[in-house]
Structure formats: C-alpha cells, structure tokens
Amino acid sequence: MTGLAGKVALVTGAAQGIGLACAEAFARAGASVVLADLNDDAGRSACARLRDEGAKALYVRCDVSRKADVESAVAAAASEFGRLDILVANAGIAHAADFLELDEADFDRVLAVNLKGVFLAGQAAARQMVRQGGGGAIVNMSSVNAVVAIANQVPYVVSKGGINQLTKVMALSLAPHRIRVNAVGPGTILTDLARQAVLGNAEAERRILSRTPLGRMGEPGEVAKAVLFLAGDDASYMTGQTLYPDGGRLALNYTMPSAP
C-alpha cells in the first residue's frame, strides 16, 4: 500500500487491542500518530515504545463521550504535528444484560461511547480537516454485530448498527470537502480481552469457530491492515463503505458447514 509519510493519524481507544494495532500500523507506514485513550498507563507505555522504535507519537487522555475531550485531542494533534489527516474512531465498550433486565443507564453509557463518541470524534476531526484543506480520511470501527445480533449485547449491537448508518451520512456530507469516510466491521478478534474470555473456554471457542468459515479467529493486526487500506490512497475511490474482516461469518449460510 501507499506509504503515509507526512500524514498525521489520530486513533481513539489506542492503548490496547485493535486500536493499538492500528496505531502501530500507521507508525510503520510513516505517519505521525496520536494515541487517545482513558488508560493512561497503557497509552503512555505504547506511545513511548513507538517513539523508541523511531515513530513520531503523542499520547492524549480522551473520553470520546465528552465533546471537550475530543476537541482537545484533535487540537493536540494539530498543535504537535501541524495538521490532522486521518481519524480512526475505534474507542468502544460493551455491556452484557438480558433485554428485560438492561438498565437505562447502561444503555446510555454504551451508546455515549460507541455511537455519540464516533460522531463527536468525526465532527471534530472533519472540522480540522476542512480548516487546513486537502481532504482526509475517517475510518469508524463497526462490527459484524451491526448486521447480526447477540441477544445479551443490546446497546453494543444497536451502537454498531448506528455506526454503519453514521458512516454513510458522514461520507455523503463530507464528500464535497474530499474527506472519505468508511468503516471496518471485525468478527471475533483475539485482543487480550478476547483471548482471556474465549481461549480459556472450550465451549465459547467451539461456538465461535462453528460460525467462522476460515476456522480461526482474527488478529488485531489483520483488522489494522483493513483500516490502513481505507485510510490510504489505495482506497481513494471508496467512501461510505463497511469492510468486514470476519473470517467469512456474514457469508455463512446456516445450512453449510463452517470448517474450511
């Protein structure tokens, strides 16, 4: 793919997991990277490691559900590196509860981070891109659960479905400014959290693999490659799209075996 030397990327939820993999991928491609998160210890450590490896990197504390935090993160990117070219709106949380038992506060909390946070980050980043000129690229983190659902993940599923539509309307609204907006919808990815939750549970692993035609779970770096593609010039004629690195899950007909 085309290198990103001279570009500046802001990644939310960048202290670990898919967000960290994205930050690492952008750094390897030559971009300056701003890592935004609430986990200060992990975020600062990741930032320091990237700098030790020769990257230009900055860590900022950011609660994406708070407009002031998001605007400060964008301002920090522009102040430190002179501009902002790429946003990866990755920060997200989940809350498991049966629909009949789900508290309003938990529904609101997940939507505030996962959906409102993507809106706030996208708006702040796009305003900076418009001010400086030259266009830009925004990649929102969706999920296969924007299309299929898990019964006890109500607000998460709702938020990811909303992200797909938000991606489309952002793409249409920002096209005149040469800002492309796309999304990535991963399947089950082996982040540290997923490794602990799934790999130690034989039944959970069996259920996931039974619905994954490629017969394995994904790695954060594989999602980061899709994000890197959408953010770069190789995807210059793509906007309003969602790519699904899901091991074939969404294509699987229930009458077909999943094992390759």
# chains A, B, ... in the order shown; residues from 1 in each chain; ligands from 1
>>> residues_around(residues="region 65-78 of chain A", least_positions_apart="5", cutoff="10 Å", atoms="only C-alpha atoms", output="PyMOL selection string")
chain A and resi 8-12+32-37+57-60+83-85+87+91+109-129+132
>>> write_last_selection(atoms="N, CA and C atoms", output="CSV table (one decimal), in the first residue's frame")
chain,number,residue,atom,x,y,z
A,8,VAL,N,-0.8,12.6,9.4
A,8,VAL,CA,-1.0,12.6,10.8
A,8,VAL,C,-2.3,11.9,11.1
A,9,ALA,N,-2.2,10.8,12.0
A,9,ALA,CA,-3.4,10.0,12.3
A,9,ALA,C,-3.7,10.1,13.8
A,10,LEU,N,-5.0,10.2,14.1
A,10,LEU,CA,-5.5,10.1,15.5
A,10,LEU,C,-6.3,8.9,15.6
A,11,VAL,N,-5.9,8.0,16.6
A,11,VAL,CA,-6.6,6.8,16.9
A,11,VAL,C,-7.2,6.8,18.3
A,12,THR,N,-8.5,6.7,18.4
A,12,THR,CA,-9.1,6.6,19.7
A,12,THR,C,-9.2,5.2,20.2
A,32,SER,N,2.7,10.2,11.5
A,32,SER,CA,2.8,10.6,12.9
A,32,SER,C,1.5,10.2,13.5
A,33,VAL,N,1.5,9.7,14.8
A,33,VAL,CA,0.4,9.0,15.4
A,33,VAL,C,0.0,9.7,16.7
A,34,VAL,N,-1.3,10.0,16.9
A,34,VAL,CA,-1.8,10.4,18.2
A,34,VAL,C,-2.6,9.3,18.8
A,35,LEU,N,-2.2,8.8,19.9
A,35,LEU,CA,-2.9,7.7,20.6
A,35,LEU,C,-3.8,8.4,21.7
A,36,ALA,N,-5.1,8.1,21.6
A,36,ALA,CA,-6.1,8.7,22.5
A,36,ALA,C,-6.8,7.6,23.3
A,37,ASP,N,-6.8,7.7,24.6
A,37,ASP,CA,-7.4,6.7,25.4
A,37,ASP,C,-7.7,7.2,26.8
A,57,ALA,N,5.1,10.1,17.8
A,57,ALA,CA,3.9,9.7,18.5
A,57,ALA,C,3.6,10.6,19.7
A,58,LEU,N,2.3,10.7,20.0
A,58,LEU,CA,1.8,11.5,21.1
A,58,LEU,C,0.7,10.8,21.8
A,59,TYR,N,0.7,10.8,23.1
A,59,TYR,CA,-0.5,10.2,23.9
A,59,TYR,C,-1.3,11.3,24.4
A,60,VAL,N,-2.7,11.3,24.3
A,60,VAL,CA,-3.6,12.2,24.9
A,60,VAL,C,-4.7,11.4,25.6
A,83,ARG,N,-1.1,19.3,11.6
A,83,ARG,CA,-2.3,19.0,10.9
A,83,ARG,C,-2.9,17.7,11.4
A,84,LEU,N,-4.1,17.3,10.8
A,84,LEU,CA,-4.7,16.0,11.0
A,84,LEU,C,-5.2,15.5,9.7
A,85,ASP,N,-4.8,14.3,9.3
A,85,ASP,CA,-5.2,13.8,8.0
A,85,ASP,C,-6.1,12.6,8.1
A,87,LEU,N,-8.5,10.0,10.9
A,87,LEU,CA,-9.1,9.6,12.2
A,87,LEU,C,-9.5,8.2,12.1
A,91,ALA,N,-12.6,3.7,19.7
A,91,ALA,CA,-13.0,3.5,21.1
A,91,ALA,C,-14.4,2.9,21.3
A,109,ARG,N,-24.8,4.6,28.6
A,109,ARG,CA,-23.4,4.7,28.7
A,109,ARG,C,-22.7,4.1,27.5
A,110,VAL,N,-23.2,2.9,27.0
A,110,VAL,CA,-22.6,2.3,25.8
A,110,VAL,C,-22.8,3.2,24.6
A,111,LEU,N,-24.0,3.7,24.4
A,111,LEU,CA,-24.3,4.5,23.2
A,111,LEU,C,-23.5,5.8,23.3
A,112,ALA,N,-23.2,6.3,24.4
A,112,ALA,CA,-22.5,7.6,24.5
A,112,ALA,C,-21.0,7.4,24.0
A,113,VAL,N,-20.4,6.2,24.4
A,113,VAL,CA,-19.1,6.0,23.9
A,113,VAL,C,-19.1,5.5,22.5
A,114,ASN,N,-19.8,4.5,22.2
A,114,ASN,CA,-19.7,3.8,20.9
A,114,ASN,C,-20.3,4.5,19.7
A,115,LEU,N,-21.4,5.3,19.9
A,115,LEU,CA,-22.0,5.9,18.8
A,115,LEU,C,-21.9,7.5,18.9
A,116,LYS,N,-22.2,8.1,20.0
A,116,LYS,CA,-22.0,9.5,20.1
A,116,LYS,C,-20.5,9.8,20.0
A,117,GLY,N,-19.7,9.0,20.6
A,117,GLY,CA,-18.2,9.2,20.6
A,117,GLY,C,-17.7,9.2,19.1
A,118,VAL,N,-18.2,8.3,18.3
A,118,VAL,CA,-17.8,8.3,16.9
A,118,VAL,C,-18.3,9.6,16.2
A,119,PHE,N,-19.5,10.0,16.5
A,119,PHE,CA,-20.0,11.3,15.9
A,119,PHE,C,-19.1,12.5,16.4
A,120,LEU,N,-18.9,12.6,17.7
A,120,LEU,CA,-18.1,13.7,18.2
A,120,LEU,C,-16.7,13.7,17.6
A,121,ALA,N,-16.0,12.5,17.6
A,121,ALA,CA,-14.7,12.4,17.0
A,121,ALA,C,-14.7,12.8,15.5
A,122,GLY,N,-15.6,12.2,14.8
A,122,GLY,CA,-15.7,12.5,13.4
A,122,GLY,C,-15.9,14.0,13.1
A,123,GLN,N,-16.8,14.6,13.8
A,123,GLN,CA,-17.1,16.0,13.6
A,123,GLN,C,-15.9,16.9,13.9
A,124,ALA,N,-15.2,16.6,15.1
A,124,ALA,CA,-14.1,17.4,15.4
A,124,ALA,C,-12.9,17.3,14.4
A,125,ALA,N,-12.7,16.0,14.0
A,125,ALA,CA,-11.6,15.7,13.1
A,125,ALA,C,-11.9,16.4,11.7
A,126,ALA,N,-13.2,16.2,11.3
A,126,ALA,CA,-13.5,16.8,10.0
A,126,ALA,C,-13.4,18.3,9.9
A,127,ARG,N,-13.8,18.9,11.0
A,127,ARG,CA,-13.7,20.4,11.1
A,127,ARG,C,-12.2,20.8,11.0
A,128,GLN,N,-11.3,20.1,11.6
A,128,GLN,CA,-9.9,20.4,11.4
A,128,GLN,C,-9.4,20.2,10.0
A,129,MET,N,-9.9,19.1,9.4
A,129,MET,CA,-9.5,18.8,8.0
A,129,MET,C,-10.0,19.8,7.1
A,132,GLN,N,-7.8,23.1,7.5
A,132,GLN,CA,-6.5,23.1,6.9
A,132,GLN,C,-6.5,22.8,5.4
>>> select_by_dssp(residues="region 78-248 of chain A", states="strand (DSSP E or B)", output="ChimeraX atom specification")
/A:86-89,97,136-141,153,179-184,189,218,242-243
>>> residues_around(residues="Val147 (chain A)", least_positions_apart="3", cutoff="12 Å", atoms="only C-alpha atoms", output="list in words")
Ser142, Ser143, Val144, Ile150, Tyr156, Val157, Val158, Ser159, Lys160, Gly161, Gly162, Ile163, Asn164, Gln165, Gly185, Pro186, Gly187, Thr242, Tyr244, Asp246, Arg249, Leu250 and Ala251 of chain A
>>> atom_distance(atom1="CA of Leu174 (chain A)", atom2="CA of Asp234 (chain A)")
19.0 Å
>>> select_by_dssp(residues="region 40-250 of chain A", states="alpha helix (DSSP H)", output="PyMOL selection string")
chain A and resi 40-52+67-81+104-111+117-132+154-174+192-194+202-210+220-231
>>> closest_residue(among="A:Met217, A:Gly17, A:Gln196, A:Arg131", to="His177 (chain A)", atoms="only C-alpha atoms")
A:Arg131
>>> residues_around(residues="Ala42 (chain A)", least_positions_apart="4", cutoff="10 Å", atoms="only C-alpha atoms", output="PyMOL selection string")
chain A and resi 14-16+20+37-38+46-48+59
>>> atom_distance(atom1="CA of Lys225 (chain A)", atom2="CA of Ile179 (chain A)")
19.9 Å
>>> atom_distance(atom1="CA of Gln153 (chain A)", atom2="CA of Ala204 (chain A)")
15.6 Å
